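*Asks:* Pasting target25.txt here (compact mmCIF, C-alpha atoms and all ligand atoms):
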```txt
# COMPACT_ATOMS: atom_id res chain seq x y z
CA MET A 1 3.65 -55.90 69.81
CA ASP A 2 0.74 -57.74 68.19
CA LEU A 3 0.46 -56.61 64.57
CA ASN A 4 -2.49 -58.76 63.61
CA PRO A 5 -4.85 -56.24 61.95
CA ASP A 6 -8.03 -57.95 63.18
CA SER A 7 -6.94 -58.04 66.77
CA ILE A 8 -5.72 -54.44 66.59
CA LEU A 9 -9.08 -53.46 65.10
CA ALA A 10 -10.88 -55.19 67.96
CA ASP A 11 -8.60 -53.33 70.39
CA VAL A 12 -9.33 -49.99 68.73
CA LEU A 13 -13.09 -50.50 68.99
CA ASN A 14 -12.83 -51.72 72.54
CA ILE A 15 -10.74 -48.73 73.56
CA VAL A 16 -13.32 -46.35 72.10
CA LYS A 17 -16.18 -48.21 73.80
CA ALA A 18 -14.37 -48.23 77.13
CA HIS A 19 -13.60 -44.53 76.86
CA ASN A 20 -17.17 -43.64 75.88
CA LYS A 21 -18.66 -45.68 78.71
CA TRP A 22 -16.25 -44.31 81.32
CA ARG A 23 -16.25 -40.62 80.39
CA ARG A 24 -19.86 -40.34 79.14
CA LEU A 25 -21.71 -42.50 81.65
CA GLU A 26 -19.65 -43.28 84.72
CA THR A 27 -17.63 -40.23 85.69
CA ILE A 28 -18.37 -36.82 87.14
CA ASN A 29 -16.51 -34.61 84.71
CA LEU A 30 -15.41 -31.33 86.23
CA ILE A 31 -12.78 -30.39 83.63
CA ALA A 32 -13.60 -26.73 83.03
CA SER A 33 -12.59 -26.70 79.35
CA GLU A 34 -14.75 -29.57 78.12
CA ASN A 35 -18.37 -30.32 77.32
CA VAL A 36 -20.63 -32.67 75.42
CA MET A 37 -22.63 -31.89 72.31
CA SER A 38 -26.35 -32.50 72.10
CA PRO A 39 -27.60 -35.61 70.25
CA LEU A 40 -28.57 -33.46 67.25
CA ALA A 41 -25.18 -31.73 67.11
CA GLU A 42 -23.44 -35.10 67.40
CA TYR A 43 -25.63 -36.49 64.63
CA VAL A 44 -24.84 -33.72 62.14
CA TYR A 45 -21.16 -33.71 63.10
CA LEU A 46 -20.65 -36.76 60.90
CA ASN A 47 -21.06 -35.51 57.34
CA ASP A 48 -19.33 -35.48 53.97
CA MET A 49 -17.86 -32.01 54.49
CA GLU A 50 -15.30 -33.81 56.66
CA GLY A 51 -13.28 -34.88 53.64
CA ARG A 52 -13.55 -31.74 51.49
CA TYR A 53 -11.44 -28.69 50.84
CA ALA A 54 -12.69 -25.11 50.60
CA GLU A 55 -9.57 -22.93 50.83
CA GLY A 56 -10.43 -19.26 50.79
CA THR A 57 -13.59 -17.55 51.95
CA SER A 58 -17.22 -18.15 51.13
CA GLY A 59 -17.82 -17.35 47.43
CA ASN A 60 -14.09 -17.00 46.85
CA ARG A 61 -12.65 -20.51 46.97
CA TYR A 62 -9.66 -22.18 45.39
CA TYR A 63 -11.70 -25.40 44.99
CA GLN A 64 -14.84 -26.45 43.16
CA GLY A 65 -17.66 -28.34 44.84
CA THR A 66 -18.03 -25.98 47.77
CA LYS A 67 -21.44 -24.40 47.22
CA TYR A 68 -23.02 -25.99 50.30
CA ILE A 69 -19.95 -25.40 52.44
CA ASP A 70 -20.11 -21.73 51.37
CA GLU A 71 -23.75 -21.53 52.34
CA LEU A 72 -23.18 -23.16 55.71
CA GLU A 73 -20.06 -21.16 56.55
CA THR A 74 -21.93 -17.92 55.83
CA LYS A 75 -24.97 -19.02 57.83
CA LEU A 76 -22.82 -20.03 60.79
CA ALA A 77 -20.86 -16.76 60.71
CA ASN A 78 -24.14 -14.80 60.65
CA LEU A 79 -25.58 -16.85 63.48
CA MET A 80 -22.49 -16.38 65.64
CA GLY A 81 -22.39 -12.67 64.76
CA TYR A 82 -25.99 -12.28 65.88
CA LEU A 83 -25.44 -14.23 69.11
CA PHE A 84 -22.26 -12.37 70.09
CA HIS A 85 -22.99 -8.87 68.70
CA ALA A 86 -20.25 -8.95 66.05
CA LYS A 87 -20.42 -7.67 62.49
CA PHE A 88 -17.50 -9.78 61.28
CA VAL A 89 -16.93 -13.40 62.22
CA ASP A 90 -14.35 -15.90 61.00
CA VAL A 91 -15.48 -19.43 61.84
CA ARG A 92 -12.61 -21.12 60.00
CA PRO A 93 -9.93 -21.37 62.75
CA ILE A 94 -9.81 -24.99 63.81
CA SER A 95 -9.13 -24.19 67.46
CA GLY A 96 -8.90 -21.39 69.98
CA THR A 97 -5.11 -21.54 69.80
CA ILE A 98 -5.14 -21.02 66.01
CA ALA A 99 -7.65 -18.18 66.46
CA ASN A 100 -5.29 -16.44 68.90
CA MET A 101 -2.29 -17.01 66.67
CA ALA A 102 -4.14 -15.55 63.69
CA VAL A 103 -4.79 -12.35 65.67
CA TYR A 104 -1.13 -12.05 66.67
CA ALA A 105 -0.02 -12.75 63.10
CA ALA A 106 -2.41 -10.09 61.80
CA PHE A 107 -1.30 -7.26 64.09
CA THR A 108 2.27 -7.82 65.25
CA GLN A 109 5.82 -7.99 63.94
CA PRO A 110 8.64 -10.01 65.51
CA GLY A 111 9.99 -8.13 68.51
CA ASP A 112 6.68 -6.45 69.39
CA THR A 113 5.42 -6.59 72.96
CA ILE A 114 2.09 -8.03 74.04
CA LEU A 115 0.67 -8.19 77.56
CA SER A 116 -1.23 -11.08 79.11
CA ILE A 117 -2.19 -12.37 82.52
CA PRO A 118 0.51 -14.29 84.42
CA ILE A 119 0.39 -18.02 83.71
CA SER A 120 -0.03 -18.76 87.44
CA ALA A 121 -3.15 -16.54 87.43
CA GLY A 122 -4.61 -18.58 84.60
CA SER A 123 -3.62 -17.29 81.20
CA HIS A 124 -3.58 -19.88 78.44
CA ILE A 125 -0.37 -21.19 76.94
CA SER A 126 -1.41 -19.55 73.65
CA HIS A 127 -1.01 -16.16 75.40
CA ARG A 128 2.52 -16.92 76.54
CA VAL A 129 6.00 -16.95 75.11
CA THR A 130 6.16 -20.76 75.39
CA GLY A 131 3.22 -20.92 72.95
CA ALA A 132 2.11 -19.07 69.82
CA PRO A 133 3.54 -15.62 70.75
CA GLY A 134 7.00 -17.19 71.15
CA ILE A 135 6.75 -18.86 67.73
CA LEU A 136 5.98 -15.42 66.28
CA LYS A 137 8.97 -13.96 68.20
CA LEU A 138 6.84 -11.65 70.33
CA LYS A 139 7.86 -10.40 73.73
CA VAL A 140 5.26 -11.26 76.39
CA MET A 141 4.97 -9.26 79.60
CA ASN A 142 2.66 -9.91 82.55
CA LEU A 143 -0.30 -7.73 83.31
CA PRO A 144 -0.10 -6.87 87.02
CA TRP A 145 -2.36 -9.13 89.07
CA ASN A 146 -4.19 -8.53 92.36
CA ASN A 147 -4.71 -11.68 94.44
CA GLU A 148 -7.23 -10.00 96.76
CA GLU A 149 -9.46 -9.04 93.85
CA PHE A 150 -8.62 -12.21 91.96
CA ASN A 151 -8.31 -9.99 88.93
CA VAL A 152 -6.04 -7.80 86.85
CA ASP A 153 -4.77 -4.79 88.82
CA ILE A 154 -6.34 -1.96 86.85
CA ASP A 155 -4.23 1.01 87.99
CA LYS A 156 -0.92 -0.80 87.66
CA SER A 157 -1.98 -2.18 84.27
CA ILE A 158 -2.86 1.27 82.97
CA LYS A 159 0.57 2.50 84.04
CA LEU A 160 2.32 -0.45 82.38
CA ILE A 161 0.35 -0.07 79.15
CA LYS A 162 1.34 3.62 78.96
CA GLU A 163 4.96 2.69 79.55
CA VAL A 164 5.46 -0.24 77.18
CA LYS A 165 2.83 0.61 74.51
CA PRO A 166 1.98 -3.03 73.72
CA LYS A 167 0.55 -3.99 70.32
CA ILE A 168 -1.97 -6.32 71.96
CA VAL A 169 -3.34 -6.62 75.48
CA ILE A 170 -4.99 -9.99 76.10
CA LEU A 171 -7.72 -10.44 78.68
CA GLY A 172 -9.69 -13.62 79.28
CA SER A 173 -8.05 -16.74 80.65
CA SER A 174 -8.21 -20.45 81.35
CA LEU A 175 -8.68 -19.97 85.05
CA TYR A 176 -11.47 -17.43 84.90
CA LEU A 177 -13.54 -16.65 87.99
CA PHE A 178 -14.52 -12.99 87.53
CA PRO A 179 -14.92 -10.80 84.42
CA HIS A 180 -11.70 -8.99 83.50
CA PRO A 181 -11.66 -5.17 83.18
CA VAL A 182 -12.23 -4.81 79.44
CA LYS A 183 -13.93 -1.43 79.66
CA GLU A 184 -11.38 -0.07 82.11
CA LEU A 185 -8.37 -0.99 79.96
CA SER A 186 -9.65 -0.57 76.42
CA GLU A 187 -9.33 3.22 76.38
CA VAL A 188 -5.68 3.27 77.38
CA VAL A 189 -4.88 0.42 74.99
CA HIS A 190 -6.34 2.50 72.17
CA GLU A 191 -4.43 5.60 73.35
CA VAL A 192 -1.15 3.75 72.69
CA ASN A 193 -2.47 2.42 69.35
CA GLY A 194 -2.81 -1.12 70.58
CA TYR A 195 -5.64 -3.63 70.35
CA LEU A 196 -7.55 -5.24 73.16
CA LEU A 197 -8.11 -8.93 72.54
CA HIS A 198 -10.49 -10.84 74.77
CA ASP A 199 -10.10 -14.62 74.72
CA SER A 200 -13.58 -15.89 75.59
CA ALA A 201 -12.79 -19.60 75.19
CA HIS A 202 -14.01 -20.45 78.68
CA VAL A 203 -16.99 -18.15 78.94
CA LEU A 204 -18.50 -18.14 75.44
CA GLY A 205 -21.57 -20.15 76.50
CA LEU A 206 -22.09 -17.85 79.48
CA ILE A 207 -21.90 -14.79 77.21
CA ALA A 208 -24.44 -16.43 74.87
CA GLY A 209 -26.76 -16.89 77.85
CA ASN A 210 -26.28 -13.34 79.14
CA ALA A 211 -24.64 -14.59 82.33
CA PHE A 212 -21.28 -12.94 81.57
CA PRO A 213 -20.55 -9.52 80.04
CA ASN A 214 -19.92 -9.47 76.30
CA PRO A 215 -16.37 -8.08 75.82
CA LEU A 216 -17.23 -6.73 72.36
CA ASP A 217 -19.93 -4.55 73.92
CA LEU A 218 -17.38 -3.23 76.42
CA GLY A 219 -14.67 -2.15 73.99
CA ALA A 220 -12.68 -5.25 73.03
CA ASP A 221 -11.40 -4.87 69.46
CA VAL A 222 -11.31 -8.59 68.83
CA MET A 223 -12.74 -11.62 70.60
CA THR A 224 -11.37 -15.10 70.04
CA SER A 225 -12.76 -18.34 71.35
CA SER A 226 -12.95 -22.09 71.26
CA THR A 227 -16.40 -23.47 70.48
CA HIS A 228 -16.45 -26.40 72.89
CA LYS A 229 -16.17 -25.33 76.52
CA THR A 230 -19.18 -23.57 78.05
CA PHE A 231 -20.35 -23.11 74.46
CA PRO A 232 -21.32 -26.71 73.75
CA GLY A 233 -20.25 -27.17 70.15
CA PRO A 234 -17.62 -29.41 68.59
CA GLN A 235 -13.94 -28.62 69.12
CA GLY A 236 -13.09 -25.58 66.98
CA GLY A 237 -12.20 -21.89 67.03
CA VAL A 238 -13.76 -18.57 66.05
CA ILE A 239 -12.77 -14.89 65.78
CA PHE A 240 -15.12 -11.91 66.16
CA THR A 241 -14.68 -8.19 65.54
CA ASN A 242 -16.80 -5.15 64.75
CA ASN A 243 -13.97 -3.40 62.93
CA GLU A 244 -13.87 -4.12 59.19
CA ASN A 245 -10.28 -2.89 58.92
CA LEU A 246 -9.16 -5.50 61.42
CA PHE A 247 -11.13 -8.29 59.79
CA ALA A 248 -9.22 -8.39 56.48
CA PRO A 249 -5.78 -9.07 58.04
CA ILE A 250 -7.34 -11.61 60.42
CA GLN A 251 -8.89 -13.49 57.50
CA LYS A 252 -5.55 -13.47 55.68
CA ALA A 253 -3.81 -14.85 58.75
CA VAL A 254 -6.32 -17.71 58.98
CA PHE A 255 -5.81 -18.53 55.29
CA PRO A 256 -3.31 -18.61 53.68
CA GLY A 257 -1.50 -18.06 56.99
CA LEU A 258 -2.36 -20.81 59.41
CA THR A 259 -4.87 -23.24 57.95
CA SER A 260 -5.69 -24.88 54.64
CA ASN A 261 -8.62 -27.07 55.62
CA TYR A 262 -11.02 -25.87 58.26
CA HIS A 263 -12.63 -29.14 59.40
CA HIS A 264 -15.87 -27.99 57.78
CA HIS A 265 -17.84 -30.94 59.08
CA ARG A 266 -17.96 -29.15 62.44
CA TYR A 267 -19.85 -26.16 61.02
CA ALA A 268 -23.28 -27.83 61.14
CA ALA A 269 -22.76 -29.00 64.73
CA THR A 270 -21.48 -25.56 65.73
CA ALA A 271 -24.60 -24.02 64.18
CA VAL A 272 -26.80 -26.46 66.11
CA ALA A 273 -25.02 -25.45 69.33
CA ALA A 274 -25.55 -21.76 68.49
CA ILE A 275 -29.26 -22.40 67.90
CA GLU A 276 -29.45 -24.28 71.21
CA MET A 277 -27.90 -21.26 72.92
CA MET A 278 -30.60 -19.07 71.33
CA LYS A 279 -33.32 -21.40 72.54
CA PHE A 280 -32.03 -22.50 75.95
CA GLY A 281 -28.89 -20.42 76.55
CA GLU A 282 -30.23 -18.23 79.33
CA ALA A 283 -31.52 -21.11 81.45
CA TYR A 284 -28.33 -23.10 80.81
CA ALA A 285 -25.94 -20.27 81.68
CA LYS A 286 -27.91 -19.24 84.78
CA GLN A 287 -27.90 -22.80 86.08
CA ILE A 288 -24.16 -23.14 85.46
CA VAL A 289 -23.32 -20.04 87.48
CA GLU A 290 -25.68 -21.08 90.30
CA ASN A 291 -24.20 -24.57 90.34
CA ALA A 292 -20.62 -23.27 90.46
CA ARG A 293 -21.47 -20.96 93.34
CA THR A 294 -23.22 -23.80 95.21
CA LEU A 295 -20.33 -26.20 94.63
CA ALA A 296 -17.89 -23.59 95.97
CA GLU A 297 -20.01 -22.90 99.06
CA GLU A 298 -20.47 -26.60 99.84
CA LEU A 299 -16.78 -27.38 99.41
CA HIS A 300 -15.96 -24.45 101.67
CA ALA A 301 -18.42 -25.66 104.29
CA LEU A 302 -16.83 -29.11 104.17
CA GLY A 303 -13.38 -27.70 104.96
CA PHE A 304 -11.82 -27.08 101.54
CA ASN A 305 -9.76 -23.96 100.97
CA VAL A 306 -11.82 -22.36 98.16
CA ALA A 307 -10.30 -19.34 96.41
CA ALA A 308 -11.90 -15.88 96.32
CA GLU A 309 -14.22 -16.31 99.30
CA ASN A 310 -14.19 -12.52 99.76
CA LYS A 311 -15.58 -12.11 96.23
CA GLY A 312 -18.28 -14.77 96.51
CA PHE A 313 -16.04 -17.53 95.04
CA THR A 314 -17.02 -17.28 91.38
CA ARG A 315 -19.13 -15.64 88.67
CA THR A 316 -18.43 -18.28 86.05
CA HIS A 317 -18.59 -22.05 85.62
CA GLN A 318 -15.33 -22.46 87.54
CA VAL A 319 -14.24 -22.99 91.12
CA LEU A 320 -10.63 -22.89 92.30
CA LEU A 321 -9.49 -25.02 95.23
CA ASP A 322 -6.17 -24.58 96.98
CA VAL A 323 -5.09 -28.11 97.84
CA SER A 324 -1.48 -27.24 98.60
CA LYS A 325 -1.25 -29.66 101.55
CA LEU A 326 -1.78 -32.67 99.31
CA GLY A 327 -0.72 -31.03 96.02
CA GLY A 328 -2.73 -30.49 92.85
CA ALA A 329 -1.40 -33.51 90.97
CA LYS A 330 -1.90 -35.97 93.83
CA SER A 331 -5.39 -34.63 94.57
CA ALA A 332 -6.44 -34.88 90.92
CA ALA A 333 -5.08 -38.43 90.69
CA LEU A 334 -6.96 -39.53 93.84
CA LEU A 335 -10.20 -38.03 92.52
CA GLU A 336 -9.73 -39.79 89.18
CA ARG A 337 -9.56 -43.09 91.06
CA ALA A 338 -13.01 -42.15 92.43
CA ASN A 339 -14.21 -41.37 88.85
CA ILE A 340 -14.23 -37.61 89.50
CA ILE A 341 -12.26 -35.96 86.72
CA VAL A 342 -10.66 -32.58 87.47
CA SER A 343 -7.55 -30.72 86.39
CA LYS A 344 -4.71 -29.61 88.57
CA THR A 345 -3.76 -25.96 88.13
CA ALA A 346 -1.36 -23.35 89.38
CA THR A 347 -2.80 -20.77 91.71
CA PRO A 348 -1.82 -17.09 91.48
CA TRP A 349 -0.01 -17.48 94.81
CA ASP A 350 2.13 -20.43 93.70
CA LYS A 351 5.78 -19.39 93.72
CA THR A 352 7.06 -22.12 91.42
CA PHE A 353 4.71 -24.31 89.49
CA LYS A 354 6.85 -26.28 87.09
CA GLU A 355 6.99 -29.38 89.31
CA GLU A 356 4.01 -29.15 91.64
CA VAL A 357 1.01 -26.87 91.56
CA SER A 358 -1.28 -26.28 94.50
CA GLY A 359 -4.67 -25.89 92.87
CA LEU A 360 -7.58 -27.81 91.40
CA ARG A 361 -9.74 -26.11 88.77
CA LEU A 362 -13.32 -27.35 88.67
CA GLY A 363 -15.96 -26.56 86.04
CA VAL A 364 -19.64 -27.46 86.32
CA GLN A 365 -20.81 -26.84 82.74
CA GLU A 366 -20.86 -30.47 81.57
CA MET A 367 -22.65 -31.82 84.62
CA THR A 368 -25.14 -28.95 84.35
CA ARG A 369 -25.80 -30.00 80.78
CA PHE A 370 -26.57 -33.49 82.02
CA GLY A 371 -29.27 -31.97 84.20
CA MET A 372 -27.52 -31.57 87.53
CA GLY A 373 -28.59 -28.73 89.80
CA LYS A 374 -27.71 -27.38 93.22
CA ASP A 375 -28.64 -30.59 95.08
CA GLU A 376 -26.27 -32.59 92.94
CA MET A 377 -23.48 -30.05 93.56
CA LYS A 378 -23.84 -30.81 97.26
CA VAL A 379 -23.46 -34.54 96.57
CA ILE A 380 -20.36 -33.90 94.44
CA ALA A 381 -18.80 -31.74 97.17
CA GLU A 382 -19.41 -34.55 99.66
CA PHE A 383 -17.79 -37.15 97.35
CA MET A 384 -14.75 -34.89 96.99
CA ALA A 385 -14.47 -34.31 100.72
CA ARG A 386 -14.61 -38.04 101.41
CA VAL A 387 -11.64 -38.64 99.13
CA LEU A 388 -9.50 -35.58 99.82
CA ILE A 389 -10.36 -34.56 103.38
CA LYS A 390 -11.55 -37.71 105.12
CA GLY A 391 -9.06 -39.90 103.23
CA GLU A 392 -11.64 -42.51 102.29
CA GLU A 393 -10.60 -45.22 99.85
CA PRO A 394 -11.35 -43.79 96.33
CA ASP A 395 -12.66 -47.16 95.10
CA THR A 396 -15.51 -47.07 97.62
CA VAL A 397 -16.51 -43.59 96.50
CA LYS A 398 -16.16 -44.62 92.85
CA ARG A 399 -18.91 -47.22 93.18
CA GLU A 400 -21.25 -44.54 94.52
CA VAL A 401 -20.22 -42.08 91.81
CA ILE A 402 -21.15 -44.62 89.12
CA GLU A 403 -24.58 -45.15 90.72
CA PHE A 404 -25.14 -41.40 91.14
CA ARG A 405 -24.22 -40.69 87.50
CA LYS A 406 -26.84 -43.16 86.19
CA GLU A 407 -29.58 -40.56 86.72
CA PHE A 408 -27.77 -37.95 84.62
CA THR A 409 -27.02 -39.28 81.16
CA ILE A 410 -29.34 -37.26 78.95
CA VAL A 411 -28.20 -33.89 77.63
CA LYS A 412 -30.43 -31.03 78.71
CA TYR A 413 -30.55 -27.57 77.05
CA GLY A 414 -29.96 -29.28 73.70
CA LEU A 415 -31.81 -30.68 70.69
CA ASN A 416 -32.43 -34.27 69.71
CA PRO A 417 -33.26 -35.53 66.19
CA LYS A 418 -36.53 -36.73 67.74
CA ASP A 419 -37.43 -33.06 68.37
CA LEU A 420 -37.39 -32.64 64.59
CA GLY A 421 -39.66 -35.60 64.00
CA MET A 422 -36.88 -38.04 63.13
CA ASP A 423 -37.74 -41.37 64.69
CA PHE A 424 -34.35 -42.46 65.94
CA GLU A 425 -31.81 -41.45 68.51
CA PRO A 426 -28.13 -41.35 67.54
CA LYS A 427 -25.90 -43.28 69.89
CA ILE A 428 -22.17 -43.21 70.41
CA LEU A 429 -20.39 -46.56 70.34
CA LEU A 430 -20.90 -48.25 73.67
C1 LIG B 1 -8.39 -19.18 77.52
C2 LIG B 1 -8.12 -20.24 76.49
N1 LIG B 1 -7.82 -19.85 75.25
C3 LIG B 1 -7.56 -20.74 74.28
C4 LIG B 1 -7.59 -22.08 74.54
C5 LIG B 1 -7.21 -23.02 73.46
O1 LIG B 1 -8.27 -23.56 72.87
P1 LIG B 1 -8.11 -24.79 71.87
O2 LIG B 1 -7.92 -25.98 72.72
O3 LIG B 1 -9.40 -24.73 71.13
O4 LIG B 1 -6.92 -24.51 71.01
C6 LIG B 1 -7.91 -22.55 75.82
C7 LIG B 1 -7.98 -24.00 76.06
O5 LIG B 1 -8.31 -24.53 77.03
C8 LIG B 1 -8.18 -21.59 76.81
O6 LIG B 1 -8.43 -21.97 78.06
```
I need this file expressed as structure tokens, please.
*Replies:*
Amino acid sequence: MDLNPDSILADVLNIVKAHNKWRRLETINLIASENVMSPLAEYVYLNDMEGRYAEGTSGNRYYQGTKYIDELETKLANLMGYLFHAKFVDVRPISGTIANMAVYAAFTQPGDTILSIPISAGSHISHRVTGAPGILKLKVMNLPWNNEEFNVDIDKSIKLIKEVKPKIVILGSSLYLFPHPVKELSEVVHEVNGYLLHDSAHVLGLIAGNAFPNPLDLGADVMTSSTHKTFPGPQGGVIFTNNENLFAPIQKAVFPGLTSNYHHHRYAATAVAAIEMMKFGEAYAKQIVENARTLAEELHALGFNVAAENKGFTRTHQVLLDVSKLGGAKSAALLERANIIVSKTATPWDKTFKEEVSGLRLGVQEMTRFGMGKDEMKVIAEFMARVLIKGEEPDTVKREVIEFRKEFTIVKYGLNPKDLGMDFEPKILL
């Protein structure tokens, strides 16, 4: 290994440049859990708050020097509360996983039972015993799932909730095509003295744009989320509730429980993203859902096995393909060679999924943000069919993907420093 610092430095810069060029300018990114920030959000993301500490809550810190962090944290919490109809908001969790863990830590004891969607149907690892609930020694049981409805089976879930009296029932998932039955389950969860948690990580931007029901309006006790999927902020987490009694233990779980620094430099960029959702959220969310539906229909017309045809394929940013003939991993790898980035996923009908999964999960939010509409979804479907159905050499398609992407490099539905009269445009290292 070459340990010459100058040559390693050159390597580091070159790696970043190569990554930025490839993922920002040359690929069609269909990873459903990612997004890009606007130029203004990216610009304010780099700030001195990055290196500071502010343990505690706004106005009640263990450190000096936090007056502006206090002000910003409060402003961001208020902004998010307004946008998502929540009286109490904790913006300190550094990720969606930490937000979920804080909720479990606040309301459960080791040995308690929680219910979540089966992993094959799309629940996140932070809802499962292999993740945060296991670390907290919780027992995790599956909510019954209905493949036909591509949703939680309401009647069977009500029965199970009455039987096992879980402390927490988690709705919301990583593979999320249709809204989960928050209203239908919240009453019975409350009857057994449990809490209904909705994990909105994937759909937060759609909720902000009124394209997806707000779980807090429908009876969820707590809503957790990441801030960087359909909601186009920097990577981070957030917790919402309208119940003051629940908020105090959640705050305690976040600090001193699970975090000591909160990556405060992201607050300004998160606030910019929230403001962008206020200004452009409806148009953005509407276009995302239309694009996802169009992509699903086009893929179906081209011969792909697209999940949930009977339900109209999707009501979110996501589309699920069953590629069991070729396999999820192989399909995703072939598409990557064509510069189309997707993630393999289990499908609810996969029997075993440790070794090979049969699905591809697609998300259109990032490409929508770069200005793509229905016409472009048709082009993407065609590229995918050429690689996965017609067996065309991925390198040939890749050249066309790079050309196609050149028209879509400017973030739409977002702010630019130029919009505020600043006469420069921030650029990532290229
Ligand atoms: C439903 C869901 N919850 C939580 C998370 C975790 O979020 P984070 O990566 O911010 O920890 C994810 C990540 O993709 C997710 O899909």
*Asks:* Compute the set of protein, DNA and RNA residues whose minimum atom distance to ligand LIG 1 (chain B) is at most 9 Å, using only C-alpha atoms and all ligand atoms, and state it as a PyMOL selection string.
*Replies:* chain A and resi 32-34+94-100+122-127+171-176+199-203+224-229+235-237
*Asks:* List the spatial neighbours of Leu197 of chain A as a PyMOL selection string - criterion: any atom at most 12 Å away, all atoms listed in the file, same-chain residues fewer than 4 positions off excluded.
*Replies:* chain A and resi 99-104+107+114-116+127+166-173+180-183+185-186+189-190+201+215-216+218-225+239-241+246
*Asks:* Those selected residues, please, written with C-alpha atoms and delivered as a PDB file, keeping the file's coordinate frame.
*Replies:*
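Done, and the output landed in out_5.pdb:
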```pdb
ATOM      1  CA  ALA A  99      -7.650 -18.180  66.460  1.00  0.00           C
ATOM      2  CA  ASN A 100      -5.290 -16.440  68.900  1.00  0.00           C
ATOM      3  CA  MET A 101      -2.290 -17.010  66.670  1.00  0.00           C
ATOM      4  CA  ALA A 102      -4.140 -15.550  63.690  1.00  0.00           C
ATOM      5  CA  VAL A 103      -4.790 -12.350  65.670  1.00  0.00           C
ATOM      6  CA  TYR A 104      -1.130 -12.050  66.670  1.00  0.00           C
ATOM      7  CA  PHE A 107      -1.300  -7.260  64.090  1.00  0.00           C
ATOM      8  CA  ILE A 114       2.090  -8.030  74.040  1.00  0.00           C
ATOM      9  CA  LEU A 115       0.670  -8.190  77.560  1.00  0.00           C
ATOM     10  CA  SER A 116      -1.230 -11.080  79.110  1.00  0.00           C
ATOM     11  CA  HIS A 127      -1.010 -16.160  75.400  1.00  0.00           C
ATOM     12  CA  PRO A 166       1.980  -3.030  73.720  1.00  0.00           C
ATOM     13  CA  LYS A 167       0.550  -3.990  70.320  1.00  0.00           C
ATOM     14  CA  ILE A 168      -1.970  -6.320  71.960  1.00  0.00           C
ATOM     15  CA  VAL A 169      -3.340  -6.620  75.480  1.00  0.00           C
ATOM     16  CA  ILE A 170      -4.990  -9.990  76.100  1.00  0.00           C
ATOM     17  CA  LEU A 171      -7.720 -10.440  78.680  1.00  0.00           C
ATOM     18  CA  GLY A 172      -9.690 -13.620  79.280  1.00  0.00           C
ATOM     19  CA  SER A 173      -8.050 -16.740  80.650  1.00  0.00           C
ATOM     20  CA  HIS A 180     -11.700  -8.990  83.500  1.00  0.00           C
ATOM     21  CA  PRO A 181     -11.660  -5.170  83.180  1.00  0.00           C
ATOM     22  CA  VAL A 182     -12.230  -4.810  79.440  1.00  0.00           C
ATOM     23  CA  LYS A 183     -13.930  -1.430  79.660  1.00  0.00           C
ATOM     24  CA  LEU A 185      -8.370  -0.990  79.960  1.00  0.00           C
ATOM     25  CA  SER A 186      -9.650  -0.570  76.420  1.00  0.00           C
ATOM     26  CA  VAL A 189      -4.880   0.420  74.990  1.00  0.00           C
ATOM     27  CA  HIS A 190      -6.340   2.500  72.170  1.00  0.00           C
ATOM     28  CA  ALA A 201     -12.790 -19.600  75.190  1.00  0.00           C
ATOM     29  CA  PRO A 215     -16.370  -8.080  75.820  1.00  0.00           C
ATOM     30  CA  LEU A 216     -17.230  -6.730  72.360  1.00  0.00           C
ATOM     31  CA  LEU A 218     -17.380  -3.230  76.420  1.00  0.00           C
ATOM     32  CA  GLY A 219     -14.670  -2.150  73.990  1.00  0.00           C
ATOM     33  CA  ALA A 220     -12.680  -5.250  73.030  1.00  0.00           C
ATOM     34  CA  ASP A 221     -11.400  -4.870  69.460  1.00  0.00           C
ATOM     35  CA  VAL A 222     -11.310  -8.590  68.830  1.00  0.00           C
ATOM     36  CA  MET A 223     -12.740 -11.620  70.600  1.00  0.00           C
ATOM     37  CA  THR A 224     -11.370 -15.100  70.040  1.00  0.00           C
ATOM     38  CA  SER A 225     -12.760 -18.340  71.350  1.00  0.00           C
ATOM     39  CA  ILE A 239     -12.770 -14.890  65.780  1.00  0.00           C
ATOM     40  CA  PHE A 240     -15.120 -11.910  66.160  1.00  0.00           C
ATOM     41  CA  THR A 241     -14.680  -8.190  65.540  1.00  0.00           C
ATOM     42  CA  LEU A 246      -9.160  -5.500  61.420  1.00  0.00           C
TER      43      LEU A 246
END
```
*Asks:* Considering all atoms listed in the file, can you say which of A:Leu362, A:Leu429, A:Ile275, A:Leu9 comes closest to Asn78 of chain A?
*Replies:*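 Distance minimum relative to Asn78 of chain A lands on A:Ile275.
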*Asks:* With a distance cut-off of 12 Å and all atoms listed in the file, select the neighbouring residues of Gly328 of chain A, excluding the residue or stretch itself and same-chain residues fewer than 2 positions from it, and output the selection as a VMD selection string.
*Replies:* chain A and resid 320 to 326 330 to 335 342 to 347 350 353 to 362 388
*Asks:* Grab the atom CA of His300 of chain A to atom CA of Phe313 of chain A distance for me, in Å with one decimal place.
*Replies:*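 If I compute the distance from atom CA of His300 of chain A to atom CA of Phe313 of chain A, I get 9.6 Å.
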*Asks:* Would you compute the distance between atom CA of Glu184 of chain A and atom CA of Leu160 of chain A? Give it in Å to one decimal.
*Replies:* 13.7 Å
*Asks:* Between A:Val152, A:Ala307, A:Asp48, A:Arg405, which is the closest to Trp349 of chain A once you count all atoms listed in the file?
*Replies:*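 Smallest separation from Trp349 of chain A among the options: A:Ala307.
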